[in-house]
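All remarks here apply to the structure that follows.
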Amino acid sequence: MIEYIKGELIEMTPAIAIVEAYGIGYAINISLNTYSDIQGKKDIKLYIYEAIITGGRDDSYTLYGFSSKQERSLYKLLITVSGVGANTARMILSSFTPSELCNVISNGEERMLKSVKGIGLKTAQRIIVDLRDKIIQAGIANELYVNTSSNNLNIDTAVKDEAISALTMLGFSPVSSSKVVIEVLTKDANLPVEQVVKQALKIIK
């Protein structure tokens, strides 16, 4: 079992990194998060997950690499969920940072998970149900932004979702949109959608 590969970054695309270690060049599948973390670096260290598929017409052996143990742990949990394969899990981790994904799962934000290509409502719901407790028990969710205050309980879910959707359509990330919308509605839970969006646009980054 390979725990990690440490070596020189020879070549890279947003999907694959070629790392040379002791004269061997490893083609390692990466997420966009890892791509951003290692971009511009010469010597890197990637934590490895080995995907070995046997029994079909062609056996396959694929390496997936992550810049942090937290991201690898999330990946390993994601692929245990029915309907989430190796590439779908990587797509999810390309759409959210590890901390953002922990927040999305912990807060039950199925709409955000649905924004990932290939993720439908049922799969999004399964990810939340299957992993919400596991990410906390495993100590992966170390930077949670969990909506537990009494003010948040009074937020109109329909207004919140519609405002997040509007901001997402304007090009902002679902995670950033959610945080800002919740912030606005926590201050005034009675605002209509258009006012929530207007205020959110003033503070969103």
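Each chain in the structure tokens gets a letter, A, B and so on, in the order shown; residues start at 1 in every chain, and ligands are counted from 1 in the order they appear.
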
_Based on the backbone DSSP call, show me all residues of chain A assigned alpha helix (DSSP H), as a ChimeraX atom specification._
/A:32-38,69-78,86-95,98-106,110-114,121-137,150-153,157-169,174-187,193-203

Using only C-alpha atoms, which of A:Leu121, A:Met12, A:Leu63, A:Val159 sits nearest Gly40 in chain A?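 Distance minimum relative to Gly40 in chain A lands on A:Met12.
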
| request: Name the closest residue to Glu50 in chain A among the candidates A:Ala15, A:Met1, A:Ile92, A:Val116; distances are taken between atoms, counting only C-alpha atoms. | output: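 Distance minimum relative to Glu50 in chain A lands on A:Met1.
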
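If you measure from each of A:Ser60, A:Leu46, A:Leu78, A:Ser31 to Met91 in chain A using only C-alpha atoms, the closest one turns out to be A:Ser31.
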
Determine the nearest neighbour of Ser176 in chain A from the options A:Ile2, A:Ala189, A:Gly139, A:Ile164, counting only C-alpha atoms.
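Smallest separation from Ser176 in chain A among the options: A:Ile164.
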
Arg132 in chain A proximity check over A:Ser106, A:Ile155, A:Leu113, A:Gly7, using only C-alpha atoms: winner is A:Ser106
